[in-house]
$ cat target.csv   # CSV, C-alpha atoms
chain,number,residue,atom,x,y,z
A,42,MET,CA,91.5,124.0,109.4
A,43,ALA,CA,91.6,121.8,112.4
A,44,ASN,CA,88.2,120.2,111.8
A,45,ASP,CA,88.8,119.1,108.3
A,46,PRO,CA,87.6,115.4,108.1
A,47,ILE,CA,89.6,114.7,104.9
A,48,HIS,CA,92.9,116.0,106.3
A,49,GLN,CA,93.6,112.6,108.0
A,50,PHE,CA,94.1,111.0,104.6
A,51,VAL,CA,96.8,113.4,103.3
A,52,ILE,CA,100.0,111.6,102.2
A,53,GLU,CA,103.2,113.4,103.4
A,54,ASP,CA,106.7,112.6,102.5
A,55,ILE,CA,108.8,111.7,105.5
A,56,PHE,CA,112.1,111.6,103.4
A,57,THR,CA,112.7,111.4,99.7
A,58,PHE,CA,115.1,109.2,97.8
A,59,GLY,CA,115.4,111.4,94.8
A,60,THR,CA,113.5,112.3,91.6
A,61,ILE,CA,113.2,110.4,88.4
A,62,GLY,CA,112.7,112.4,85.2
A,63,GLY,CA,111.6,116.0,85.1
A,64,ASP,CA,113.8,119.0,84.2
A,65,GLY,CA,115.1,119.8,87.6
A,66,ALA,CA,112.5,122.4,88.4
A,67,ALA,CA,110.1,121.9,91.3
A,68,ASP,CA,107.1,119.7,90.8
A,69,THR,CA,108.4,117.9,87.7
A,70,GLY,CA,109.2,114.2,87.4
A,71,VAL,CA,108.3,111.4,89.8
A,72,THR,CA,109.6,111.7,93.3
A,73,ILE,CA,110.4,108.5,95.1
A,74,ALA,CA,109.6,109.1,98.7
A,75,PHE,CA,109.0,107.2,102.0
A,76,THR,CA,105.6,108.5,103.0
A,77,ASN,CA,103.5,108.2,106.1
A,78,SER,CA,101.5,105.5,104.3
A,79,ALA,CA,104.6,103.5,103.7
A,80,LEU,CA,105.7,104.0,107.3
A,81,PHE,CA,102.5,102.5,108.6
A,82,MET,CA,102.8,99.6,106.2
A,83,VAL,CA,106.3,98.9,107.5
A,84,LEU,CA,105.0,99.2,111.1
A,85,THR,CA,102.1,96.8,110.3
A,86,THR,CA,104.4,94.2,108.8
A,87,GLY,CA,106.9,94.6,111.6
A,88,LEU,CA,104.2,94.2,114.2
A,89,ILE,CA,102.8,91.0,112.6
A,90,ALA,CA,106.3,89.5,112.1
A,91,ALA,CA,107.2,90.4,115.7
A,92,TRP,CA,104.0,88.9,117.0
A,93,LEU,CA,104.3,85.6,115.1
A,94,VAL,CA,108.0,85.2,115.8
A,95,LEU,CA,107.9,86.1,119.5
A,96,THR,CA,104.7,84.1,120.3
A,97,THR,CA,105.8,80.9,118.7
A,98,ARG,CA,109.4,81.0,120.1
A,99,GLY,CA,108.5,78.8,123.0
A,100,ARG,CA,107.0,76.1,120.8
A,101,GLY,CA,105.2,74.5,123.7
A,102,LEU,CA,103.1,71.4,123.1
A,103,VAL,CA,100.7,73.0,125.5
A,104,PRO,CA,100.6,76.6,124.3
A,105,ASN,CA,100.7,79.5,126.6
A,106,ARG,CA,98.3,82.4,126.0
A,107,TRP,CA,100.5,84.2,123.5
A,108,GLN,CA,101.3,81.1,121.5
A,109,LEU,CA,97.5,80.4,121.5
A,110,SER,CA,96.8,83.7,119.9
A,111,SER,CA,98.9,83.0,116.9
A,112,GLU,CA,97.7,79.4,116.8
A,113,LEU,CA,94.1,80.6,116.8
A,114,MET,CA,94.9,82.9,113.9
A,115,TYR,CA,96.5,80.0,112.0
A,116,GLU,CA,93.4,77.8,112.6
A,117,PHE,CA,91.0,80.5,111.7
A,118,VAL,CA,92.7,81.3,108.3
A,119,ALA,CA,93.4,77.6,107.6
A,120,ASN,CA,89.7,76.7,108.1
A,121,MET,CA,88.7,79.6,105.9
A,122,VAL,CA,91.0,78.5,103.1
A,123,ARG,CA,90.1,74.8,103.4
A,124,SER,CA,86.3,75.4,103.4
A,125,ASN,CA,86.5,77.8,100.4
A,126,ALA,CA,89.2,76.5,98.2
A,127,GLY,CA,89.5,72.8,99.3
A,128,THR,CA,92.5,71.1,100.6
A,129,GLU,CA,94.4,71.9,97.4
A,130,GLY,CA,94.0,75.6,98.3
A,131,MET,CA,96.2,75.1,101.3
A,132,LYS,CA,99.3,75.8,99.2
A,133,PHE,CA,98.0,79.4,99.1
A,134,PHE,CA,97.7,79.5,102.8
A,135,PRO,CA,100.8,81.8,103.3
A,136,PHE,CA,99.4,84.2,100.7
A,137,VAL,CA,95.9,84.4,102.3
A,138,PHE,CA,97.3,84.6,105.8
A,139,SER,CA,99.7,87.5,104.9
A,140,LEU,CA,96.9,89.4,103.1
A,141,PHE,CA,94.5,88.8,106.0
A,142,THR,CA,96.8,89.8,108.8
A,143,PHE,CA,98.2,92.8,106.8
A,144,ILE,CA,94.7,94.2,106.2
A,145,LEU,CA,93.5,93.4,109.7
A,146,ILE,CA,96.3,95.0,111.5
A,147,GLY,CA,96.4,97.9,109.1
A,148,ASN,CA,92.7,98.6,109.7
A,149,TRP,CA,93.2,98.3,113.5
A,150,PHE,CA,96.2,100.6,113.4
A,151,GLY,CA,94.0,103.2,111.6
A,152,MET,CA,91.7,103.2,114.6
A,153,ILE,CA,94.4,104.7,116.9
A,154,PRO,CA,94.1,108.5,116.9
A,155,TYR,CA,96.8,110.3,114.8
A,156,PHE,CA,97.7,107.1,113.0
A,157,PHE,CA,97.4,106.8,109.3
A,158,THR,CA,95.0,104.2,107.7
A,159,PHE,CA,96.7,103.0,104.5
A,160,THR,CA,93.7,100.9,103.5
A,161,SER,CA,91.7,104.1,103.1
A,162,HIS,CA,93.6,104.8,99.9
A,163,ILE,CA,92.2,103.0,96.8
A,164,ILE,CA,95.5,102.6,95.2
A,165,VAL,CA,96.7,100.4,98.1
A,166,THR,CA,93.6,98.2,98.1
A,167,PHE,CA,93.6,98.1,94.3
A,168,ALA,CA,97.2,96.9,94.3
A,169,LEU,CA,96.3,94.2,96.8
A,170,SER,CA,93.3,93.0,94.8
A,171,MET,CA,95.3,93.1,91.5
A,172,LEU,CA,97.9,90.9,93.3
A,173,VAL,CA,95.1,88.4,94.1
A,174,MET,CA,93.9,88.5,90.5
A,175,ALA,CA,97.4,88.1,89.1
A,176,VAL,CA,97.9,85.0,91.3
A,177,VAL,CA,94.5,83.6,90.2
A,178,VAL,CA,95.2,84.2,86.4
A,179,ILE,CA,98.8,83.0,86.4
A,180,TYR,CA,98.2,80.0,88.6
A,181,GLY,CA,95.0,79.1,86.7
A,182,PHE,CA,96.8,79.1,83.3
A,183,VAL,CA,99.9,77.3,84.7
A,184,LYS,CA,97.9,74.6,86.3
A,185,ASN,CA,95.0,74.2,83.8
A,186,GLY,CA,96.4,75.6,80.6
A,187,PRO,CA,93.8,76.7,78.1
A,188,LYS,CA,91.2,74.9,80.1
A,189,PHE,CA,91.3,77.8,82.5
A,190,LEU,CA,89.2,79.7,79.9
A,191,LYS,CA,86.3,77.3,80.7
A,192,LEU,CA,85.7,79.7,83.6
A,193,PHE,CA,84.1,82.0,81.1
A,194,VAL,CA,81.9,79.4,79.4
A,195,PRO,CA,79.4,77.9,81.9
A,196,SER,CA,78.9,74.2,81.4
A,197,GLY,CA,75.5,73.1,80.0
A,198,VAL,CA,75.0,76.2,78.0
A,199,PRO,CA,73.7,75.7,74.4
A,200,GLY,CA,76.1,76.8,71.7
A,201,TYR,CA,74.1,79.8,70.4
A,202,ILE,CA,74.0,81.3,73.9
A,203,VAL,CA,77.8,81.2,74.4
A,204,PRO,CA,78.7,84.4,72.4
A,205,ILE,CA,76.2,86.3,74.6
A,206,VAL,CA,77.2,84.7,77.9
A,207,THR,CA,81.0,84.8,77.5
A,208,PRO,CA,81.4,88.7,77.4
A,209,ILE,CA,79.1,88.9,80.4
A,210,GLU,CA,81.2,86.3,82.3
A,211,VAL,CA,84.4,88.2,81.3
A,212,ILE,CA,83.1,91.5,82.5
A,213,SER,CA,81.9,89.7,85.7
A,214,PHE,CA,85.5,88.4,86.2
A,215,LEU,CA,87.1,91.8,85.5
A,216,SER,CA,84.8,93.4,88.0
A,217,ARG,CA,86.2,91.3,90.8
A,218,PRO,CA,89.3,93.3,91.6
A,219,VAL,CA,87.3,96.5,91.3
A,220,SER,CA,84.6,95.4,93.8
A,221,LEU,CA,87.2,93.8,96.1
A,222,SER,CA,89.2,97.0,96.3
A,223,VAL,CA,86.3,99.5,96.3
A,224,ARG,CA,84.6,97.6,99.2
A,225,LEU,CA,87.6,97.8,101.5
A,226,PHE,CA,88.6,101.3,100.6
A,227,GLY,CA,85.0,102.6,100.8
A,228,ASN,CA,84.4,101.1,104.2
A,229,MET,CA,87.5,102.5,105.7
A,230,LEU,CA,87.2,105.9,104.1
A,231,ALA,CA,83.6,106.4,104.9
A,232,GLY,CA,84.0,105.1,108.5
A,233,HIS,CA,86.9,107.4,109.2
A,234,ILE,CA,85.2,110.4,107.8
A,235,THR,CA,82.0,109.7,109.8
A,236,LEU,CA,84.0,109.3,112.9
A,237,LYS,CA,85.9,112.5,112.4
A,238,VAL,CA,82.7,114.5,111.5
A,239,PHE,CA,80.9,113.3,114.6
A,240,THR,CA,83.7,113.9,117.0
A,241,GLY,CA,84.3,117.3,115.3
A,242,PHE,CA,80.8,118.2,116.4
A,243,VAL,CA,81.9,117.7,120.0
A,244,VAL,CA,84.6,120.4,119.7
A,245,SER,CA,82.4,122.8,117.7
A,246,LEU,CA,79.4,122.5,120.1
A,247,GLY,CA,81.7,122.7,123.2
A,248,SER,CA,82.8,126.1,122.2
A,249,LEU,CA,79.3,127.5,122.4
A,250,GLY,CA,79.0,127.8,126.1
A,251,ALA,CA,76.9,125.8,128.6
A,252,ILE,CA,74.1,124.8,126.2
A,253,GLY,CA,76.7,123.7,123.7
A,254,VAL,CA,78.5,121.6,126.2
A,255,ALA,CA,75.2,119.9,127.1
A,256,GLY,CA,74.4,119.3,123.4
A,257,ALA,CA,77.9,118.0,122.8
A,258,VAL,CA,77.1,114.9,124.9
A,259,LEU,CA,75.0,113.4,122.0
A,260,PRO,CA,77.8,113.4,119.3
A,261,LEU,CA,80.2,112.2,122.0
A,262,PHE,CA,78.1,109.1,122.5
A,263,MET,CA,77.8,108.8,118.8
A,264,GLY,CA,81.5,108.9,118.5
A,265,VAL,CA,82.0,106.1,121.0
A,266,ALA,CA,79.4,104.0,119.2
A,267,ILE,CA,80.9,104.6,115.8
A,268,THR,CA,84.3,103.7,117.1
A,269,ALA,CA,83.0,100.3,118.2
A,270,LEU,CA,81.2,99.9,114.8
A,271,GLU,CA,84.4,100.9,113.0
A,272,LEU,CA,86.4,98.2,114.9
A,273,MET,CA,83.9,95.6,113.8
A,274,VAL,CA,83.9,96.9,110.2
A,275,SER,CA,87.7,96.8,110.1
A,276,THR,CA,87.7,93.1,111.2
A,277,VAL,CA,84.8,92.1,108.9
A,278,GLN,CA,86.3,93.8,105.9
A,279,ALA,CA,89.7,92.1,106.4
A,280,TYR,CA,87.7,88.8,106.7
A,281,VAL,CA,85.7,89.4,103.6
A,282,PHE,CA,88.8,90.3,101.6
A,283,ALA,CA,90.4,87.0,102.7
A,284,VAL,CA,87.3,84.9,102.1
A,285,LEU,CA,86.8,86.3,98.6
A,286,THR,CA,90.5,85.8,97.9
A,287,SER,CA,90.2,82.1,98.8
A,288,MET,CA,87.0,81.8,96.7
A,289,TYR,CA,88.8,83.3,93.7
A,290,LEU,CA,91.7,81.0,94.2
A,291,ASN,CA,89.2,78.1,94.2
A,292,ASP,CA,88.2,79.3,90.7
A,293,ALA,CA,91.9,79.0,89.6
A,294,ILE,CA,92.2,75.5,91.1
A,295,HIS,CA,88.9,74.2,89.7
A,296,PRO,CA,87.9,76.3,86.7
A,297,SER,CA,84.4,75.1,86.1
A,298,HIS,CA,81.1,76.4,87.4
B,6,MET,CA,81.6,74.1,125.9
B,7,ALA,CA,78.0,75.3,125.7
B,8,ASN,CA,76.6,72.0,124.6
B,9,SER,CA,77.6,69.9,127.6
B,10,GLY,CA,74.2,68.6,128.4
B,11,ASN,CA,74.9,67.0,131.8
B,12,THR,CA,72.6,68.7,134.3
B,13,PRO,CA,73.1,67.7,138.0
B,14,GLY,CA,69.9,65.6,137.8
B,15,GLU,CA,71.2,63.0,135.4
B,16,GLN,CA,74.5,61.9,136.9
B,17,THR,CA,75.5,58.3,136.3
B,18,PRO,CA,77.9,56.2,138.3
B,19,ARG,CA,81.7,56.9,137.7
B,20,ASP,CA,82.6,53.5,136.5
B,21,ASP,CA,80.1,53.5,133.7
B,22,HIS,CA,82.0,54.4,130.6
B,23,SER,CA,79.1,55.5,128.6
B,24,GLY,CA,78.4,58.3,131.1
B,25,PRO,CA,77.5,61.8,129.8
B,26,GLU,CA,81.0,63.1,130.3
B,27,THR,CA,82.6,60.3,128.3
B,28,SER,CA,80.1,60.6,125.5
B,29,ASP,CA,80.5,64.3,125.5
B,30,LEU,CA,84.2,63.9,125.1
B,31,ALA,CA,83.7,61.4,122.3
B,32,GLU,CA,81.3,63.8,120.6
B,33,ARG,CA,83.9,66.6,120.9
B,34,ILE,CA,86.7,64.4,119.5
B,35,LYS,CA,84.5,63.4,116.6
B,36,ARG,CA,83.6,67.0,115.9
B,37,ALA,CA,87.3,68.1,116.0
B,38,GLN,CA,88.2,65.2,113.7
B,39,ARG,CA,85.5,66.2,111.3
B,40,ALA,CA,86.7,69.8,111.3
B,41,ARG,CA,90.3,68.7,110.6
B,42,ALA,CA,89.4,66.2,107.9
B,43,PRO,CA,89.8,67.4,104.3
B,44,HIS,CA,86.5,68.8,103.0
B,45,GLY,CA,87.1,67.5,99.5
B,46,ASP,CA,87.3,70.1,96.7
B,47,ASP,CA,83.7,70.8,96.5
B,48,ALA,CA,83.4,74.6,96.4
B,49,SER,CA,79.6,74.5,97.0
B,50,SER,CA,80.2,73.4,100.5
B,51,SER,CA,81.9,76.8,101.1
B,52,ARG,CA,80.9,78.5,104.3
B,53,GLN,CA,81.6,82.1,105.1
B,54,GLY,CA,80.9,82.0,108.7
B,55,ASP,CA,78.8,84.8,110.0
B,56,MET,CA,79.2,88.0,108.0
B,57,SER,CA,77.4,90.9,109.4
B,58,THR,CA,74.3,92.1,107.6
B,59,LEU,CA,75.9,95.4,106.7
B,60,ALA,CA,78.9,93.6,105.1
B,61,ARG,CA,76.4,91.4,103.1
B,62,GLY,CA,74.5,94.4,101.8
B,63,LEU,CA,77.6,96.3,100.9
B,64,ARG,CA,79.0,93.3,99.2
B,65,ILE,CA,75.9,93.0,96.9
B,66,GLY,CA,76.0,96.7,96.2
B,67,THR,CA,79.6,96.9,95.2
B,68,GLU,CA,79.4,93.7,93.1
B,69,PHE,CA,76.6,95.3,91.1
B,70,VAL,CA,78.2,98.8,90.6
B,71,ALA,CA,81.7,97.4,89.9
B,72,ALA,CA,80.4,95.3,87.0
B,73,ILE,CA,78.7,98.3,85.4
B,74,LEU,CA,81.8,100.5,85.9
B,75,VAL,CA,84.1,97.9,84.3
B,76,GLY,CA,81.7,97.3,81.4
B,77,SER,CA,81.3,101.0,80.7
B,78,PHE,CA,85.0,101.5,80.9
B,79,ILE,CA,85.7,98.8,78.4
B,80,GLY,CA,83.1,100.3,76.0
B,81,PHE,CA,84.6,103.8,76.5
B,82,ALA,CA,88.1,102.5,75.8
B,83,ILE,CA,86.9,100.8,72.6
B,84,ASP,CA,85.2,104.0,71.5
B,85,GLN,CA,88.4,106.0,72.2
B,86,PHE,CA,90.6,103.7,70.1
B,87,ALA,CA,88.1,102.8,67.3
B,88,GLY,CA,86.2,106.1,67.2
B,89,THR,CA,82.9,104.3,67.0
B,90,GLY,CA,80.9,107.1,68.6
B,91,PRO,CA,78.9,106.2,71.7
B,92,TRP,CA,77.9,102.7,70.4
B,93,ALA,CA,80.5,100.5,72.2
B,94,LEU,CA,80.0,102.5,75.4
B,95,LEU,CA,76.2,101.9,75.2
B,96,GLY,CA,76.6,98.2,74.3
B,97,PHE,CA,79.1,97.5,77.0
B,98,PHE,CA,77.1,99.5,79.5
B,99,PHE,CA,74.3,97.0,79.1
B,100,LEU,CA,76.7,94.0,79.1
B,101,GLY,CA,78.1,95.4,82.4
B,102,PHE,CA,74.6,95.7,83.7
B,103,ALA,CA,74.0,92.0,82.8
B,104,ALA,CA,77.2,91.1,84.5
B,105,GLY,CA,76.2,93.0,87.6
B,106,ILE,CA,72.9,91.1,87.8
B,107,LEU,CA,74.9,87.9,87.3
B,108,ASN,CA,77.2,88.9,90.2
B,109,VAL,CA,74.3,89.7,92.4
B,110,THR,CA,72.5,86.5,91.7
B,111,ARG,CA,75.7,84.6,92.5
B,112,VAL,CA,76.3,86.3,95.8
B,113,VAL,CA,72.6,85.9,96.8
B,114,ALA,CA,72.6,82.2,95.8
B,115,GLU,CA,75.7,81.7,97.8
B,116,LEU,CA,74.2,83.4,100.9
B,117,ASN,CA,71.0,81.4,100.5
B,118,ALA,CA,72.9,78.1,100.3
B,119,GLN,CA,74.7,79.2,103.4
B,120,SER,CA,71.6,80.0,105.4
B,121,THR,CA,69.8,76.8,104.4
B,122,ALA,CA,72.9,74.8,105.3
B,123,SER,CA,72.9,76.3,108.7
B,124,ASP,CA,69.2,75.7,109.1
B,125,LYS,CA,69.6,72.0,108.3
B,126,ASP,CA,72.1,71.1,111.0
B,127,PRO,CA,71.9,73.4,114.0
B,128,GLY,CA,74.2,71.1,115.8
B,129,ASP,CA,77.0,72.3,113.5
B,130,LYS,CA,76.6,75.8,115.0
B,131,ASN,CA,79.7,75.7,117.2
B,132,GLU,CA,81.9,75.5,114.2
B,133,LYS,CA,80.3,78.5,112.6
B,134,VAL,CA,80.5,81.0,115.4
B,135,ARG,CA,84.2,82.0,115.2

$ encode --input "target.csv" --output "structure tokens"
Amino acid sequence: MANDPIHQFVIEDIFTFGTIGGDGAADTGVTIAFTNSALFMVLTTGLIAAWLVLTTRGRGLVPNRWQLSSELMYEFVANMVRSNAGTEGMKFFPFVFSLFTFILIGNWFGMIPYFFTFTSHIIVTFALSMLVMAVVVIYGFVKNGPKFLKLFVPSGVPGYIVPIVTPIEVISFLSRPVSLSVRLFGNMLAGHITLKVFTGFVVSLGSLGAIGVAGAVLPLFMGVAITALELMVSTVQAYVFAVLTSMYLNDAIHPSH
Amino acid sequence: MANSGNTPGEQTPRDDHSGPETSDLAERIKRAQRARAPHGDDASSSRQGDMSTLARGLRIGTEFVAAILVGSFIGFAIDQFAGTGPWALLGFFFLGFAAGILNVTRVVAELNAQSTASDKDPGDKNEKVR
């Protein structure tokens, strides 16, 4: 069906590398494939790399406009990391910058018609947030040793409260990757479905003759408005992901409330 | 810059070095230096810039729901392995609920601290609008 609002999220194999396991019959084992999702991740990474390499090639002391665009991006992310994780957090700047630009450009790519939005799949966003959590936990233990566990015991709490508070703090910590990934995935998924449904109305109403065409103007306006809203949501969600990443990294650097 | 306060009425002679343009430049240099200076490692001075209201609301909602989901899942997993009926699920559901409230209070406290900080020094506004 041409008007299916979910169809845009279907993952299709572009080419396969082969199948692991299974008994040779169809649909058994795990097929390793290069999908449309992977293609757009590669395109996103390629675009970011090309943008950064090409714009900073001149290395002018007085930057031209292209160099300024990448310098502004650097300043923006650097300020975000500094204000949320302190100066010490700047050693994670490459990590946060990569995450931010990857999600931002990926979200923007998804706004182009017929392009695939890889951030609308929860496994992608969950993998990204688990990467953040892995960095936080590993770095926290490497830097602070067992003192990292102080994160789960708020300071100034009487001893008899600790057994009650600690499980709550642990669950609160474990809920971070879930909320981080669900927020990004949910925003992108819901936005794209809404966009598709409203613009689908234009086609459906347009086939109803003159009155339908007149009525189709309303969802058309709505579609334009939602496109603008979606562009804003794409940007804000990439920003929120990066801000929360640097705040969680702050916990790993200074594990006390 | 939006904050250059020299209207045509208050022009001072060119050779006066404390003229509005010079002091404006000094002010801008000072502000740029302040922005570049290390903020120390105080996390409470964290600023998130201007997040939209929608993003703020969604953030609070997901923080709450995620904690309940994680708590319930832990309880369910314990029940599956230990065969303890619905009790671990029930207990951890409420722990998850408490963790969700904790998450929400943290987010709201953070947003409140942000808004009071921006109320206190409106002159800082240029840094925030990014």

$ closest_residue --input "target.csv" --among "A:Ala119, A:Ala79, A:Ile179, A:Leu140" --to "chain B" --atoms "only C-alpha atoms"
A:Ala119

$ atom_distance --input "target.csv" --atom1 "atom CA of A:Ile47" --atom2 "atom CA of A:Val165"
17.4 Å

$ residues_around --input "target.csv" --residues "B:Thr58" --least-positions-apart "3" --cutoff "12 Å" --atoms "all atoms listed in the file" --output "list of chain:residue names"
A:Met273, A:Val274, A:Val277, B:Asp55, B:Arg61, B:Gly62, B:Leu63, B:Arg64, B:Ile65, B:Leu116

$ residues_around --input "target.csv" --residues "stretch 53-59 of chain A" --least-positions-apart "5" --cutoff "9 Å" --atoms "all atoms listed in the file" --output "PyMOL selection string"
chain A and resi 71-78+80

$ closest_atom_pairs --input "target.csv" --of "chain A" --to "chain B" --cutoff "8 Å" --atoms "all atoms listed in the file" --output "JSON lines"
{"residue": "A:Phe117", "atom": "CA", "partner": "B:Arg135", "partner_atom": "CA", "distance": 7.8}
{"residue": "A:Met121", "atom": "CA", "partner": "B:Gln53", "partner_atom": "CA", "distance": 7.6}
{"residue": "A:Arg123", "atom": "CA", "partner": "B:His44", "partner_atom": "CA", "distance": 7.0}
{"residue": "A:Ser124", "atom": "CA", "partner": "B:Ser51", "partner_atom": "CA", "distance": 5.2}
{"residue": "A:Asn125", "atom": "CA", "partner": "B:Ser51", "partner_atom": "CA", "distance": 4.8}
{"residue": "A:Ala126", "atom": "CA", "partner": "B:Ala48", "partner_atom": "CA", "distance": 6.4}
{"residue": "A:Gly127", "atom": "CA", "partner": "B:Asp46", "partner_atom": "CA", "distance": 4.3}
{"residue": "A:Thr128", "atom": "CA", "partner": "B:Pro43", "partner_atom": "CA", "distance": 5.9}
{"residue": "A:Glu129", "atom": "CA", "partner": "B:Asp46", "partner_atom": "CA", "distance": 7.4}
{"residue": "A:Pro208", "atom": "CA", "partner": "B:Leu100", "partner_atom": "CA", "distance": 7.3}
{"residue": "A:Ile209", "atom": "CA", "partner": "B:Ala104", "partner_atom": "CA", "distance": 5.0}
{"residue": "A:Glu210", "atom": "CA", "partner": "B:Ala104", "partner_atom": "CA", "distance": 6.6}
{"residue": "A:Ile212", "atom": "CA", "partner": "B:Gly76", "partner_atom": "CA", "distance": 6.1}
{"residue": "A:Ser213", "atom": "CA", "partner": "B:Ala104", "partner_atom": "CA", "distance": 5.0}
{"residue": "A:Leu215", "atom": "CA", "partner": "B:Val75", "partner_atom": "CA", "distance": 6.9}
{"residue": "A:Ser216", "atom": "CA", "partner": "B:Ala72", "partner_atom": "CA", "distance": 4.9}
{"residue": "A:Arg217", "atom": "CA", "partner": "B:Glu68", "partner_atom": "CA", "distance": 7.6}
{"residue": "A:Val219", "atom": "CA", "partner": "B:Ala71", "partner_atom": "CA", "distance": 5.8}
{"residue": "A:Ser220", "atom": "CA", "partner": "B:Ala71", "partner_atom": "CA", "distance": 5.3}
{"residue": "A:Val223", "atom": "CA", "partner": "B:Thr67", "partner_atom": "CA", "distance": 7.3}
{"residue": "A:Arg224", "atom": "CA", "partner": "B:Thr67", "partner_atom": "CA", "distance": 6.4}
{"residue": "A:Val274", "atom": "CA", "partner": "B:Ala60", "partner_atom": "CA", "distance": 7.9}
{"residue": "A:Val277", "atom": "CA", "partner": "B:Met56", "partner_atom": "CA", "distance": 7.0}
{"residue": "A:Gln278", "atom": "CA", "partner": "B:Ala60", "partner_atom": "CA", "distance": 7.4}
{"residue": "A:Val281", "atom": "CA", "partner": "B:Met56", "partner_atom": "CA", "distance": 8.0}
{"residue": "A:Val284", "atom": "CA", "partner": "B:Gln53", "partner_atom": "CA", "distance": 7.0}
{"residue": "A:Asn291", "atom": "CA", "partner": "B:Ala48", "partner_atom": "CA", "distance": 7.1}

$ atom_distance --input "target.csv" --atom1 "atom CA of A:Pro195" --atom2 "atom CA of A:Ala293"
14.7 Å

$ atom_distance --input "target.csv" --atom1 "atom CA of B:Glu32" --atom2 "atom CA of B:Glu115"
29.5 Å

$ closest_residue --input "target.csv" --among "A:Ile146, A:Leu113, A:Val254, A:Val243" --to "A:Val83" --atoms "only C-alpha atoms"
A:Ile146

$ closest_residue --input "target.csv" --among "A:Thr240, A:Thr160, A:Thr286, A:Thr276" --to "A:Gly130" --atoms "all atoms listed in the file"
A:Thr286

$ closest_residue --input "target.csv" --among "B:Val112, B:Leu95, B:Phe86, B:Glu26" --to "A:Leu285" --atoms "all atoms listed in the file"
B:Val112

$ decode --input "target.csv" --residues "stretch 59-98 of chain B" --atoms "C-alpha atoms" --output "compact mmCIF listing (two decimals), in the first residue's frame"
# COMPACT_ATOMS: atom_id res chain seq x y z
CA LEU B 59 8.42 20.12 24.29
CA ALA B 60 11.82 18.54 24.78
CA ARG B 61 11.68 19.38 28.48
CA GLY B 62 8.27 17.74 28.93
CA LEU B 63 9.26 14.66 26.96
CA ARG B 64 12.44 14.36 28.97
CA ILE B 65 10.53 14.30 32.27
CA GLY B 66 8.06 11.76 30.88
CA THR B 67 10.64 9.35 29.54
CA GLU B 68 12.76 9.54 32.71
CA PHE B 69 9.74 8.50 34.76
CA VAL B 70 8.55 5.69 32.50
CA ALA B 71 12.03 4.30 31.88
CA ALA B 72 12.69 3.84 35.60
CA ILE B 73 9.42 1.94 36.07
CA LEU B 74 10.16 -0.27 33.06
CA VAL B 75 13.68 -1.05 34.25
CA GLY B 76 12.49 -1.78 37.81
CA SER B 77 9.69 -4.06 36.60
CA PHE B 78 12.06 -5.85 34.23
CA ILE B 79 14.55 -6.54 37.03
CA GLY B 80 11.74 -7.89 39.22
CA PHE B 81 10.42 -10.02 36.37
CA ALA B 82 13.88 -11.44 35.69
CA ILE B 83 14.36 -12.31 39.38
CA ASP B 84 10.96 -14.02 39.39
CA GLN B 85 11.86 -16.03 36.29
CA PHE B 86 15.13 -17.29 37.79
CA ALA B 87 14.06 -17.77 41.40
CA GLY B 88 10.44 -18.75 40.79
CA THR B 89 9.25 -16.44 43.55
CA GLY B 90 5.84 -15.79 42.11
CA PRO B 91 4.87 -12.21 41.47
CA TRP B 92 6.58 -10.84 44.60
CA ALA B 93 9.88 -9.62 43.16
CA LEU B 94 8.01 -8.08 40.24
CA LEU B 95 5.69 -6.25 42.65
CA GLY B 96 8.51 -5.10 44.90
CA PHE B 97 10.75 -3.90 42.10
CA PHE B 98 7.80 -2.23 40.38
